[in-house]
$ cat my_file_16.txt   # compact mmCIF, C-alpha atoms
# COMPACT_ATOMS: atom_id res chain seq x y z
CA MET A 1 -36.26 14.72 30.02
CA THR A 2 -38.28 12.48 32.32
CA HIS A 3 -37.60 9.03 33.70
CA ASP A 4 -40.11 7.62 31.21
CA ASP A 5 -38.40 9.41 28.35
CA LEU A 6 -35.10 7.96 29.42
CA ALA A 7 -36.60 4.49 29.85
CA GLY A 8 -37.66 4.66 26.21
CA LEU A 9 -34.19 5.69 25.14
CA ALA A 10 -32.62 2.98 27.27
CA ALA A 11 -34.88 0.40 25.62
CA LEU A 12 -33.75 1.42 22.15
CA ASP A 13 -30.13 1.69 23.26
CA ALA A 14 -30.25 -1.88 24.50
CA LEU A 15 -31.17 -2.95 20.99
CA GLY A 16 -28.20 -1.13 19.52
CA PHE A 17 -29.84 2.16 18.55
CA ALA A 18 -27.45 4.44 20.37
CA GLU A 19 -28.01 7.27 17.94
CA THR A 20 -31.21 8.17 19.79
CA TRP A 21 -29.27 9.72 22.64
CA THR A 22 -29.39 13.50 22.99
CA ASP A 23 -27.28 15.83 25.11
CA GLY A 24 -30.25 16.33 27.41
CA ALA A 25 -30.64 12.60 27.87
CA ARG A 26 -26.96 12.18 28.64
CA GLN A 27 -27.13 14.95 31.20
CA HIS A 28 -30.17 13.34 32.81
CA LEU A 29 -28.30 10.05 32.93
CA ARG A 30 -25.34 11.65 34.67
CA ASP A 31 -27.61 13.16 37.26
CA CYS A 32 -29.97 10.23 37.85
CA ALA A 33 -28.68 7.05 39.51
CA GLU A 34 -32.06 5.38 39.08
CA CYS A 35 -31.93 5.85 35.32
CA ARG A 36 -28.33 4.67 35.15
CA SER A 37 -29.46 1.51 36.90
CA LEU A 38 -32.38 1.21 34.49
CA LEU A 39 -30.03 1.58 31.52
CA ARG A 40 -27.78 -1.21 32.77
CA GLU A 41 -30.80 -3.40 33.33
CA MET A 42 -32.11 -2.76 29.85
CA GLN A 43 -28.71 -3.52 28.36
CA GLU A 44 -28.62 -6.80 30.25
CA ILE A 45 -32.11 -7.67 29.01
CA GLY A 46 -31.21 -6.68 25.48
CA ALA A 47 -28.25 -9.03 25.49
CA MET A 48 -30.34 -11.83 26.98
CA ILE A 49 -32.61 -11.87 23.92
CA GLY A 50 -29.78 -13.90 22.42
CA LEU A 51 -30.65 -16.70 24.84
CA THR A 52 -33.84 -17.35 22.91
CA ALA A 53 -31.67 -18.93 20.24
CA THR A 54 -31.32 -22.68 20.63
CA ALA A 55 -27.96 -23.65 22.06
CA VAL A 56 -25.92 -25.96 19.86
CA ASP A 57 -22.54 -27.50 20.62
CA PRO A 58 -19.93 -26.27 18.12
CA PRO A 59 -17.59 -28.82 16.48
CA ALA A 60 -14.94 -30.17 18.81
CA ASP A 61 -12.06 -29.14 16.55
CA LEU A 62 -13.22 -25.53 16.73
CA LYS A 63 -12.47 -25.46 20.43
CA LYS A 64 -9.00 -26.82 19.73
CA ARG A 65 -8.35 -24.13 17.11
CA ILE A 66 -9.57 -21.35 19.38
CA LEU A 67 -7.48 -22.52 22.32
CA GLU A 68 -4.41 -22.94 20.11
CA SER A 69 -4.94 -19.46 18.74
CA ALA A 70 -5.18 -18.04 22.25
CA SER A 71 -2.12 -20.02 23.27
CA GLY A 72 -0.22 -18.58 20.32
CA SER A 73 -1.14 -15.05 21.22
CA SER A 74 -0.19 -15.86 24.81
CA ASP A 75 3.25 -16.86 23.54
CA SER A 76 3.33 -13.56 21.72
CA VAL A 77 2.66 -11.79 25.00
CA GLU A 78 5.56 -13.67 26.58
CA GLU A 79 7.79 -12.80 23.63
CA GLU A 80 6.80 -9.19 24.07
CA ARG A 81 7.71 -9.37 27.76
CA VAL A 82 11.12 -10.86 26.95
CA ARG A 83 11.57 -8.32 24.20
CA ARG A 84 11.20 -5.58 26.79
CA SER A 85 13.80 -7.03 29.17
CA PRO A 86 17.18 -5.25 29.74
CA ILE A 87 19.06 -8.12 28.07
CA TRP A 88 16.94 -7.65 25.01
CA TRP A 89 17.75 -3.98 25.00
CA LEU A 90 21.44 -4.76 25.27
CA ALA A 91 21.21 -7.19 22.41
CA SER A 92 19.13 -4.72 20.48
CA ALA A 93 21.69 -1.98 21.05
CA ALA A 94 24.50 -4.29 19.90
CA SER A 95 22.49 -5.27 16.87
CA PHE A 96 21.79 -1.63 16.18
CA PHE A 97 25.44 -0.60 16.27
CA LEU A 98 26.45 -3.65 14.25
CA ALA A 99 23.88 -2.72 11.67
CA LEU A 100 25.07 0.89 11.80
CA TRP A 101 28.69 -0.23 11.24
CA GLY A 102 27.65 -2.41 8.34
CA TRP A 103 25.61 0.37 6.89
CA THR A 104 28.53 2.79 7.24
CA GLU A 105 30.88 0.33 5.53
CA LEU A 106 28.46 -0.09 2.69
CA ARG A 107 28.10 3.66 2.36
CA LEU A 108 31.89 4.06 2.35
CA HIS A 109 32.27 1.41 -0.31
CA ALA A 110 29.57 3.04 -2.38
CA ALA A 111 31.23 6.45 -1.94
CA ASN A 112 34.58 5.03 -3.11
CA GLU A 113 32.97 3.52 -6.15
CA GLN A 114 31.27 6.81 -6.85
CA LEU A 115 34.60 8.62 -6.48
CA SER A 116 36.26 6.21 -8.90
CA THR A 117 33.47 6.74 -11.39
CA LEU A 118 33.77 10.50 -11.03
CA GLU A 119 37.56 10.29 -11.57
CA THR A 120 37.03 8.33 -14.78
CA ASP A 121 34.45 10.85 -15.88
CA ARG A 122 36.87 13.65 -15.07
CA ARG A 123 39.54 12.06 -17.29
CA VAL A 124 37.09 11.62 -20.13
CA VAL A 125 35.95 15.21 -19.80
CA ALA A 126 39.57 16.44 -19.71
CA GLU A 127 40.39 14.47 -22.88
CA GLU A 128 37.31 15.83 -24.58
CA LYS A 129 38.25 19.30 -23.49
CA GLN A 130 41.74 18.82 -24.95
CA ARG A 131 40.27 17.52 -28.20
CA LEU A 132 37.88 20.43 -28.45
CA GLU A 133 40.63 22.91 -27.65
CA GLY A 134 42.70 21.38 -30.48
CA LYS A 135 39.70 21.64 -32.76
CA ARG A 136 39.16 25.22 -31.72
CA GLY A 137 42.84 26.00 -32.38
CA GLU A 138 42.57 24.41 -35.79
CA LEU A 139 39.44 26.38 -36.62
CA GLU A 140 41.00 29.58 -35.36
CA SER A 141 44.05 28.87 -37.55
CA ARG A 142 41.82 28.33 -40.58
CA LEU A 143 39.97 31.49 -39.76
CA ARG A 144 43.25 33.36 -39.62
CA ILE A 145 44.30 31.83 -42.95
CA ILE A 146 41.07 32.78 -44.63
CA SER A 147 40.43 36.20 -43.12
CA GLY A 148 43.75 37.30 -41.66
CA VAL A 149 44.88 40.86 -42.40
CA ASP A 150 47.96 39.50 -44.21
CA SER A 151 46.18 36.66 -45.99
CA ARG A 152 46.52 36.27 -49.73
CA ILE A 153 44.03 34.67 -52.09
CA VAL A 154 45.05 32.98 -55.34
CA GLN A 155 42.45 31.92 -57.92
CA ILE A 156 43.10 28.56 -59.59
CA ALA A 157 41.63 28.06 -63.06
CA GLY A 158 40.45 24.83 -64.58
CA ALA A 159 42.82 23.26 -67.13
CA SER A 160 42.20 20.98 -70.08
CA GLY A 161 41.12 18.02 -67.91
CA ALA A 162 38.36 20.02 -66.18
CA PRO A 163 37.81 23.41 -67.79
CA GLY A 164 34.77 24.13 -65.59
CA ALA A 165 36.62 23.53 -62.36
CA SER A 166 38.11 26.24 -60.20
CA GLY A 167 39.94 26.63 -56.97
CA ARG A 168 40.89 29.26 -54.43
CA LEU A 169 44.13 29.17 -52.44
CA PHE A 170 44.36 31.00 -49.12
CA ILE A 171 47.85 31.77 -47.86
CA ALA A 172 48.75 33.43 -44.57
CA PRO A 173 52.48 34.07 -44.03
CA SER A 174 52.17 33.59 -40.27
CA GLU A 175 50.59 30.13 -40.57
CA LYS A 176 52.27 26.84 -41.43
CA LEU A 177 49.36 25.69 -43.58
CA ALA A 178 47.66 27.00 -46.67
CA LEU A 179 44.07 26.11 -47.57
CA VAL A 180 42.72 25.31 -51.01
CA PHE A 181 39.01 25.11 -51.84
CA PHE A 182 38.12 23.31 -55.05
CA HIS A 183 34.84 23.64 -56.96
CA GLY A 184 33.55 21.77 -59.96
CA LEU A 185 36.00 18.91 -60.06
CA PRO A 186 34.52 15.68 -61.48
CA GLN A 187 33.79 13.09 -58.81
CA ASN A 188 36.34 10.35 -58.27
CA SER A 189 35.74 6.62 -58.55
CA SER A 190 37.10 4.14 -56.06
CA ASN A 191 40.11 3.63 -58.35
CA ASP A 192 41.43 7.15 -58.51
CA CYS A 193 41.99 10.36 -56.59
CA TYR A 194 43.20 13.91 -57.14
CA GLN A 195 46.77 14.82 -56.30
CA LEU A 196 47.95 18.34 -55.56
CA TRP A 197 51.40 19.31 -56.82
CA LEU A 198 53.70 22.16 -55.97
CA ILE A 199 56.39 23.29 -58.36
CA ARG A 200 58.97 25.40 -56.63
CA ARG A 201 60.93 28.16 -58.20
CA GLY A 202 63.96 26.92 -60.10
CA SER A 203 62.68 23.39 -60.18
CA SER A 204 60.88 21.52 -62.94
CA THR A 205 59.92 18.54 -60.75
CA PRO A 206 56.44 18.64 -59.31
CA GLU A 207 56.35 17.90 -55.57
CA SER A 208 53.36 16.05 -54.16
CA ALA A 209 51.64 18.13 -51.49
CA ALA A 210 48.40 16.18 -50.87
CA THR A 211 45.91 13.70 -52.28
CA PHE A 212 42.15 14.05 -51.97
CA GLN A 213 38.93 12.68 -53.35
CA VAL A 214 35.83 14.40 -54.65
CA LEU A 215 32.76 12.34 -53.80
CA SER A 216 29.99 14.93 -54.17
CA ASP A 217 29.16 18.26 -55.77
CA LYS A 218 30.19 20.13 -52.65
CA PRO A 219 33.41 22.15 -52.49
CA VAL A 220 36.46 20.30 -51.23
CA GLU A 221 38.90 21.75 -48.72
CA VAL A 222 42.55 20.67 -48.78
CA ALA A 223 45.24 21.74 -46.34
CA VAL A 224 48.70 22.24 -47.81
CA PRO A 225 51.94 22.47 -45.77
CA ALA A 226 53.30 25.96 -46.09
CA ALA A 227 56.17 26.38 -43.66
CA ASP A 228 57.52 29.35 -45.53
CA GLY A 229 54.20 30.88 -46.44
CA MET A 230 54.59 29.27 -49.83
CA GLN A 231 57.18 31.87 -50.69
CA SER A 232 59.19 29.28 -52.66
CA VAL A 233 56.20 27.89 -54.58
CA GLU A 234 55.84 29.09 -58.13
CA THR A 235 53.04 26.88 -59.45
CA ILE A 236 50.23 24.84 -57.91
CA ALA A 237 48.55 22.12 -59.99
CA VAL A 238 46.12 19.22 -59.61
CA SER A 239 46.11 15.99 -61.60
CA ARG A 240 43.92 12.91 -61.51
CA GLU A 241 45.97 9.93 -60.40
CA PRO A 242 45.41 6.30 -59.49
CA ALA A 243 44.12 5.73 -55.96
CA GLY A 244 46.87 6.38 -53.43
CA GLY A 245 48.62 8.93 -55.62
CA SER A 246 51.72 8.87 -57.79
CA THR A 247 55.33 9.92 -57.34
CA THR A 248 55.09 12.07 -60.43
CA PRO A 249 52.09 13.26 -62.42
CA THR A 250 50.87 10.59 -64.85
CA ALA A 251 47.85 12.38 -66.31
CA PRO A 252 46.93 15.81 -67.66
CA MET A 253 46.51 18.59 -65.17
CA TYR A 254 42.93 19.42 -64.20
CA LEU A 255 43.84 22.67 -62.49
CA ALA A 256 47.01 24.76 -62.56
CA THR A 257 48.10 28.29 -61.82
CA LYS A 258 51.12 30.32 -61.03
CA ILE A 259 51.17 31.90 -57.60
CA MET B 260 -27.26 -5.39 39.51
CA THR B 261 -26.39 -8.95 38.75
CA VAL B 262 -28.03 -11.84 37.05
CA THR B 263 -29.01 -14.43 39.63
CA SER B 264 -30.88 -16.96 37.62
CA THR B 265 -30.02 -19.81 39.91
CA ASN B 266 -28.81 -20.26 43.42
CA ASP B 267 -25.58 -21.61 41.98
CA VAL B 268 -24.24 -18.47 40.35
CA PRO B 269 -21.13 -19.35 38.38
CA GLN B 270 -18.05 -17.45 39.23
CA ASP B 271 -16.93 -14.91 36.66
CA LEU B 272 -14.07 -16.28 34.61
CA LEU B 273 -13.25 -13.12 32.70
CA PRO B 274 -10.92 -11.61 35.33
CA ALA B 275 -8.75 -14.74 35.11
CA VAL B 276 -8.98 -14.70 31.32
CA ALA B 277 -7.89 -11.06 31.37
CA ALA B 278 -4.81 -12.19 33.33
CA GLY B 279 -3.94 -14.64 30.54
CA ASP B 280 -5.18 -17.79 32.26
CA LEU B 281 -5.70 -20.31 29.46
CA ASP B 282 -7.47 -22.75 31.75
CA ALA B 283 -9.99 -20.07 32.63
CA PHE B 284 -10.39 -19.32 28.94
CA GLU B 285 -11.09 -22.96 28.21
CA ALA B 286 -13.62 -23.03 31.03
CA LEU B 287 -15.21 -19.89 29.63
CA TYR B 288 -15.43 -21.57 26.25
CA ASP B 289 -17.08 -24.64 27.77
CA ARG B 290 -19.49 -22.40 29.64
CA HIS B 291 -20.67 -20.23 26.75
CA SER B 292 -19.72 -21.75 23.41
CA SER B 293 -22.99 -23.64 22.91
CA ILE B 294 -25.27 -20.69 23.45
CA LEU B 295 -23.00 -18.38 21.45
CA TYR B 296 -22.80 -20.87 18.58
CA GLY B 297 -26.56 -21.26 18.65
CA LEU B 298 -26.96 -17.49 18.59
CA LEU B 299 -24.61 -17.17 15.64
CA LEU B 300 -26.42 -19.94 13.77
CA ARG B 301 -29.66 -18.06 14.36
CA ILE B 302 -28.17 -14.81 13.06
CA LEU B 303 -26.14 -16.18 10.17
CA ASN B 304 -28.07 -19.30 9.21
CA ASN B 305 -24.85 -20.87 7.98
CA ARG B 306 -22.65 -23.31 9.90
CA GLU B 307 -19.34 -22.29 8.34
CA ASP B 308 -19.96 -18.60 8.94
CA ALA B 309 -21.16 -19.31 12.45
CA GLN B 310 -18.03 -21.29 13.29
CA GLU B 311 -15.71 -18.63 11.89
CA THR B 312 -17.61 -15.94 13.74
CA LEU B 313 -17.52 -17.95 16.95
CA GLN B 314 -13.73 -18.11 16.61
CA GLU B 315 -13.63 -14.35 16.06
CA THR B 316 -15.85 -13.90 19.09
CA PHE B 317 -13.60 -15.89 21.41
CA THR B 318 -10.53 -14.22 19.97
CA GLN B 319 -12.08 -10.89 20.88
CA ILE B 320 -13.06 -12.16 24.32
CA TRP B 321 -9.48 -13.32 24.90
CA SER B 322 -7.94 -10.06 23.75
CA ARG B 323 -10.43 -7.71 25.39
CA ALA B 324 -11.25 -9.48 28.62
CA THR B 325 -9.60 -6.64 30.54
CA MET B 326 -12.44 -4.38 29.37
CA PHE B 327 -15.08 -6.44 31.14
CA ASP B 328 -16.61 -4.51 34.03
CA ARG B 329 -18.80 -6.59 36.34
CA GLU B 330 -20.50 -3.45 37.59
CA ARG B 331 -21.86 -2.71 34.13
CA GLY B 332 -23.31 -6.12 33.42
CA SER B 333 -22.97 -9.85 33.69
CA GLU B 334 -20.37 -12.03 32.04
CA LEU B 335 -23.09 -13.76 30.06
CA ALA B 336 -24.48 -10.48 28.74
CA TRP B 337 -20.97 -9.35 27.82
CA VAL B 338 -20.11 -12.42 25.77
CA LEU B 339 -23.57 -12.43 24.18
CA SER B 340 -23.09 -8.81 23.13
CA ILE B 341 -19.74 -9.57 21.53
CA ALA B 342 -21.07 -12.60 19.66
CA ARG B 343 -24.14 -10.74 18.47
CA SER B 344 -22.04 -7.79 17.33
CA ARG B 345 -19.63 -10.04 15.41
CA GLY B 346 -22.53 -11.97 13.90
CA ILE B 347 -24.36 -8.85 12.74
CA ASP B 348 -21.12 -7.49 11.28
CA ARG B 349 -20.66 -10.65 9.23
CA LEU B 350 -24.32 -10.70 8.26
CA ARG B 351 -24.09 -7.17 6.93
CA SER B 352 -20.80 -7.76 5.16
CA ARG B 353 -21.98 -10.73 3.18
CA LYS B 354 -25.37 -9.15 2.37
CA VAL B 355 -26.89 -12.47 2.93
CA ARG B 356 -30.53 -11.65 3.15
CA SER B 357 -31.43 -13.33 -0.10
CA GLU B 358 -29.09 -16.24 0.64
CA ARG B 359 -30.74 -16.75 3.96
CA GLU B 360 -34.08 -17.19 2.26
CA SER B 361 -32.64 -19.81 -0.07
CA GLU B 362 -30.78 -21.64 2.66
CA ALA B 363 -33.54 -21.45 5.21
CA GLY B 364 -34.91 -24.84 4.34
CA GLN B 365 -31.52 -26.47 4.83
CA GLU B 366 -30.57 -24.88 8.11
CA ILE B 367 -33.83 -24.28 9.88
CA SER B 368 -34.15 -27.87 11.05
CA VAL B 369 -30.94 -27.54 13.02
CA ILE B 370 -31.77 -24.20 14.53
CA SER B 371 -35.39 -24.49 15.48
CA GLY B 372 -35.73 -28.23 15.52
CA GLY B 373 -35.01 -28.29 19.20
CA VAL B 374 -31.77 -30.23 18.89
CA GLU B 375 -30.23 -28.81 21.98
CA ASN B 376 -26.92 -30.49 22.40
CA ARG B 377 -25.33 -28.67 25.22
CA SER B 378 -22.65 -29.77 27.57
CA GLY B 379 -21.53 -28.76 31.01
CA MET B 380 -23.22 -27.51 34.15
CA ASP B 381 -22.69 -23.86 33.28
CA SER B 382 -24.74 -24.14 30.13
CA ALA B 383 -27.66 -25.03 32.33
CA VAL B 384 -27.54 -21.56 33.85
CA ALA B 385 -27.81 -19.96 30.46
CA SER B 386 -30.47 -22.47 29.56
CA GLN B 387 -32.62 -21.64 32.55
CA THR B 388 -32.21 -17.93 31.89
CA GLY B 389 -33.01 -18.60 28.27
CA VAL B 390 -36.22 -20.35 29.21
CA LEU B 391 -37.27 -17.32 31.20
CA VAL B 392 -36.37 -14.94 28.39
CA ARG B 393 -38.22 -17.06 25.84
CA ALA B 394 -41.24 -17.17 28.07
CA ALA B 395 -41.15 -13.42 28.59
CA LEU B 396 -40.72 -12.82 24.88
CA ALA B 397 -43.63 -15.13 24.15
CA THR B 398 -45.95 -12.97 26.21
CA LEU B 399 -45.31 -9.97 23.99
CA PRO B 400 -47.76 -9.06 21.25
CA GLU B 401 -46.58 -10.48 17.93
CA ALA B 402 -45.88 -7.03 16.49
CA GLN B 403 -43.62 -6.07 19.41
CA ARG B 404 -41.82 -9.41 19.45
CA LYS B 405 -41.24 -9.26 15.71
CA ALA B 406 -39.77 -5.77 15.93
CA LEU B 407 -37.39 -6.84 18.70
CA GLU B 408 -36.27 -9.94 16.83
CA LEU B 409 -35.62 -8.02 13.61
CA ALA B 410 -33.49 -5.56 15.55
CA TYR B 411 -31.60 -8.16 17.56
CA PHE B 412 -31.11 -11.08 15.19
CA GLU B 413 -31.00 -9.30 11.85
CA GLY B 414 -29.36 -6.06 12.94
CA LEU B 415 -31.83 -3.97 10.97
CA SER B 416 -32.04 -0.26 11.59
CA GLN B 417 -35.30 1.23 12.85
CA SER B 418 -36.05 2.53 9.39
CA GLU B 419 -35.37 -0.88 7.85
CA ILE B 420 -37.65 -2.53 10.37
CA ALA B 421 -40.36 0.01 9.62
CA SER B 422 -39.96 -0.64 5.93
CA SER B 423 -39.86 -4.39 6.41
CA LEU B 424 -43.06 -4.39 8.43
CA GLY B 425 -44.73 -1.65 6.44
CA GLU B 426 -45.27 0.52 9.49
CA PRO B 427 -44.38 4.14 10.29
CA LEU B 428 -41.01 4.65 11.99
CA GLY B 429 -42.66 6.13 15.08
CA THR B 430 -44.85 3.08 15.45
CA ILE B 431 -41.82 0.80 15.31
CA LYS B 432 -39.98 2.84 17.96
CA THR B 433 -42.99 2.66 20.24
CA ARG B 434 -43.35 -1.06 19.73
CA MET B 435 -39.74 -1.71 20.56
CA GLN B 436 -39.85 0.51 23.65
CA LEU B 437 -43.00 -1.17 24.90
CA GLY B 438 -41.61 -4.59 24.11
CA MET B 439 -38.43 -3.97 26.08
CA LYS B 440 -40.36 -2.60 29.04
CA LYS B 441 -42.57 -5.67 29.09
CA LEU B 442 -39.54 -7.91 28.82
CA ARG B 443 -38.06 -6.10 31.78
CA ASP B 444 -41.23 -6.66 33.75
CA GLY B 445 -41.24 -10.33 32.79
CA LEU B 446 -37.60 -10.82 33.71
CA ARG B 447 -37.70 -8.85 36.92
CA PRO B 448 -37.20 -12.04 38.98
CA LEU B 449 -33.79 -12.40 37.34
CA PHE B 450 -32.46 -9.21 38.81
CA ASP B 451 -31.26 -8.86 42.31
CA LYS B 452 -32.65 -5.63 43.55
$ encode --input "my_file_16.txt" --output "structure tokens"
Amino acid sequence: MTHDDLAGLAALDALGFAETWTDGARQHLRDCAECRSLLREMQEIGAMIGLTATAVDPPADLKKRILESASGSSDSVEEERVRRSPIWWLASAASFFLALWGWTELRLHAANEQLSTLETDRRVVAEEKQRLEGKRGELESRLRIISGVDSRIVQIAGASGAPGASGRLFIAPSEKLALVFFHGLPQNSSNDCYQLWLIRRGSSTPESAATFQVLSDKPVEVAVPAADGMQSVETIAVSREPAGGSTTPTAPMYLATKI
Amino acid sequence: MTVTSTNDVPQDLLPAVAAGDLDAFEALYDRHSSILYGLLLRILNNREDAQETLQETFTQIWSRATMFDRERGSELAWVLSIARSRGIDRLRSRKVRSERESEAGQEISVISGGVENRSGMDSAVASQTGVLVRAALATLPEAQRKALELAYFEGLSQSEIASSLGEPLGTIKTRMQLGMKKLRDGLRPLFDK
């Protein structure tokens, strides 16, 4: 790298072509005061090319805008200085702790609300759990009635009202309910229902045990109170009665059988 | 090295501006705004753009005055460099080359019509220096002067200049180097050795 080489680089650099510099040129510049001076001179000349443009006064309002803008930023500098003062820090610290207190209060309030919501949820879950436990107990009872080791099954045959119908009575001595499943009973209308009757030993008066409706072809399940394991029941029968049931049978029996 | 274009060398205002002196900033504006506005009109060929860029230029001068180093160059060169840089940035961003051609007829009368409307004693310093620079530039061969002007006023890269003039890149580099050296020779009286 010679002085002439560097003069060429300095000329291009002055025009904004700084990418022409190499490591060797930079090293030469660090070592050569004459070339550093030349570079500064070239940069000065490069800038002065702008003086060949014709000078023109800018609009007067532009000066006003520029000075106002500078004045505004000067105010910002002053605000920054004040912002850094000890009083500002004290105020800032107070503001910070006030904000922290407010934030904590808000968080506490939110936590209380969340706790209340969780408590409500807990109650709902507990109620649901109780309901499901009752359902499970009921299902377990039915399972015991149907498949218990001491369970008894009684077939119920269709009578003159519904010769194709049938039923199956499940009795478990340890349970307080008996279950009856009916098949093939004609569907009810909105004006009538089926009524299940029990005729106890030594009695000729049928005792209403339940009413139910058949609304599809599917089997119907009916639970019958059986506090004594139906030990006292001699006959079980089903008649078709007006909606809501009757105090005594008013129509022919659809199903009947002796237990 | 300092510019000593006249016996009445204006005092640098930038140190006071760097200290936040608004009066000094106003004086700096009065001193340089005309030549900077003229430069931006030359680069941008559009009054509105030139005015906005002049505002950007003085905003930058105000905010970066602390970076001015008298040992590295004159105040005038420093503000010219900022204005030129801002102007070229805007020129490139708006991709105005085709617009410039269409607007040339409208604006050229203001820029090259010789309507110098400058105020203040300090502008005279720049004016006298400008006369010397123009004279020195006028002595250059057309090809060298054209290459320098394309680089300075249009911000073209060396490759773009080569393409624009239909010359090899090496030829353009040589022209610009020779042109700058001749300018330096022509402006040697400006520099205080």
$ closest_residue --input "my_file_16.txt" --among "A:Ala210, A:Ala11, A:Ala33, A:Ala55" --to "B:Arg290" --atoms "all atoms listed in the file"
A:Ala55
$ closest_residue --input "my_file_16.txt" --among "A:Thr235, A:Ala14, A:Val56, A:Val224" --to "A:Gly202" --atoms "all atoms listed in the file"
A:Thr235
$ closest_residue --input "my_file_16.txt" --among "B:Ser292, B:Gln270, B:Thr316, B:Ser422" --to "A:Thr54" --atoms "only C-alpha atoms"
B:Ser292
$ closest_residue --input "my_file_16.txt" --among "B:Arg345, B:Arg323, B:Gly389, B:Ala275" --to "chain A" --atoms "all atoms listed in the file"
B:Gly389
$ atom_distance --input "my_file_16.txt" --atom1 "atom CA of B:Leu273" --atom2 "atom CA of B:Leu407"
28.6 Å
$ closest_residue --input "my_file_16.txt" --among "B:Glu419, B:Met435, B:Thr312, B:Pro448" --to "chain A" --atoms "all atoms listed in the file"
B:Met435
$ interface_residues --input "my_file_16.txt" --of "chain A" --to "chain B" --cutoff "8 Å" --atoms "all atoms listed in the file" --output "tab-separated table (two decimals) with C-alpha atoms, keeping the file's coordinate frame"
chain	number	residue	atom	x	y	z
A	8	GLY	CA	-37.66	4.66	26.21
A	9	LEU	CA	-34.19	5.69	25.14
A	11	ALA	CA	-34.88	0.40	25.62
A	12	LEU	CA	-33.75	1.42	22.15
A	15	LEU	CA	-31.17	-2.95	20.99
A	16	GLY	CA	-28.20	-1.13	19.52
A	17	PHE	CA	-29.84	2.16	18.55
A	37	SER	CA	-29.46	1.51	36.90
A	40	ARG	CA	-27.78	-1.21	32.77
A	41	GLU	CA	-30.80	-3.40	33.33
A	42	MET	CA	-32.11	-2.76	29.85
A	43	GLN	CA	-28.71	-3.52	28.36
A	44	GLU	CA	-28.62	-6.80	30.25
A	45	ILE	CA	-32.11	-7.67	29.01
A	46	GLY	CA	-31.21	-6.68	25.48
A	47	ALA	CA	-28.25	-9.03	25.49
A	48	MET	CA	-30.34	-11.83	26.98
A	49	ILE	CA	-32.61	-11.87	23.92
A	50	GLY	CA	-29.78	-13.90	22.42
A	51	LEU	CA	-30.65	-16.70	24.84
A	52	THR	CA	-33.84	-17.35	22.91
A	53	ALA	CA	-31.67	-18.93	20.24
A	54	THR	CA	-31.32	-22.68	20.63
A	55	ALA	CA	-27.96	-23.65	22.06
A	56	VAL	CA	-25.92	-25.96	19.86
A	57	ASP	CA	-22.54	-27.50	20.62
A	58	PRO	CA	-19.93	-26.27	18.12
A	62	LEU	CA	-13.22	-25.53	16.73
A	63	LYS	CA	-12.47	-25.46	20.43
A	66	ILE	CA	-9.57	-21.35	19.38
A	67	LEU	CA	-7.48	-22.52	22.32
A	69	SER	CA	-4.94	-19.46	18.74
A	70	ALA	CA	-5.18	-18.04	22.25
A	71	SER	CA	-2.12	-20.02	23.27
A	74	SER	CA	-0.19	-15.86	24.81
$ atom_distance --input "my_file_16.txt" --atom1 "atom CA of A:Gly244" --atom2 "atom CA of A:Ser208"
11.7 Å
$ atom_distance --input "my_file_16.txt" --atom1 "atom CA of A:Phe181" --atom2 "atom CA of A:Pro225"
14.5 Å
$ residues_near_point --input "my_file_16.txt" --point "(47.8, 16.2, -56.5)" --cutoff "10 Å" --atoms "all atoms listed in the file" --output "list in words"
Cys193, Tyr194, Gln195, Leu196, Trp197, Leu198, Pro206, Glu207, Ser208, Ala209, Ala210, Thr211, Phe212, Ile236, Ala237, Val238, Ser239, Arg240, Glu241, Gly245, Ser246, Thr247, Thr248, Pro249, Met253, Tyr254 and Leu255 of chain A
$ closest_residue --input "my_file_16.txt" --among "A:Ser216, A:Cys32, A:Ala256, A:Ala18" --to "A:Ser160" --atoms "all atoms listed in the file"
A:Ala256
$ residues_around --input "my_file_16.txt" --residues "A:Ala226" --least-positions-apart "6" --cutoff "6 Å" --atoms "all atoms listed in the file" --output "PyMOL selection string"
chain A and resi 176-178
$ residues_around --input "my_file_16.txt" --residues "A:His183" --least-positions-apart "5" --cutoff "12 Å" --atoms "all atoms listed in the file" --output "PyMOL selection string"
chain A and resi 155-158+162-169+214-222+254-255
$ decode --input "my_file_16.txt" --residues "stretch 422-439 of chain B" --atoms "C-alpha atoms" --output "PDB file, in the first residue's frame"
ATOM      1  CA  SER B 422     -23.882   1.359 -16.057  1.00  0.00           C
ATOM      2  CA  SER B 423     -25.405   4.810 -16.354  1.00  0.00           C
ATOM      3  CA  LEU B 424     -22.449   6.127 -18.328  1.00  0.00           C
ATOM      4  CA  GLY B 425     -21.859   2.927 -20.241  1.00  0.00           C
ATOM      5  CA  GLU B 426     -18.269   2.657 -19.068  1.00  0.00           C
ATOM      6  CA  PRO B 427     -16.303  -0.127 -17.372  1.00  0.00           C
ATOM      7  CA  LEU B 428     -16.290  -0.018 -13.561  1.00  0.00           C
ATOM      8  CA  GLY B 429     -12.508   0.422 -13.468  1.00  0.00           C
ATOM      9  CA  THR B 430     -12.746   3.434 -15.734  1.00  0.00           C
ATOM     10  CA  ILE B 431     -15.324   5.034 -13.453  1.00  0.00           C
ATOM     11  CA  LYS B 432     -13.169   4.453 -10.364  1.00  0.00           C
ATOM     12  CA  THR B 433     -10.202   6.031 -12.078  1.00  0.00           C
ATOM     13  CA  ARG B 434     -12.243   9.001 -13.201  1.00  0.00           C
ATOM     14  CA  MET B 435     -13.557   9.644  -9.734  1.00  0.00           C
ATOM     15  CA  GLN B 436     -10.112   9.312  -8.162  1.00  0.00           C
ATOM     16  CA  LEU B 437      -8.582  11.676 -10.689  1.00  0.00           C
ATOM     17  CA  GLY B 438     -11.467  14.085 -10.324  1.00  0.00           C
ATOM     18  CA  MET B 439     -11.118  14.245  -6.558  1.00  0.00           C
TER      19      MET B 439
END
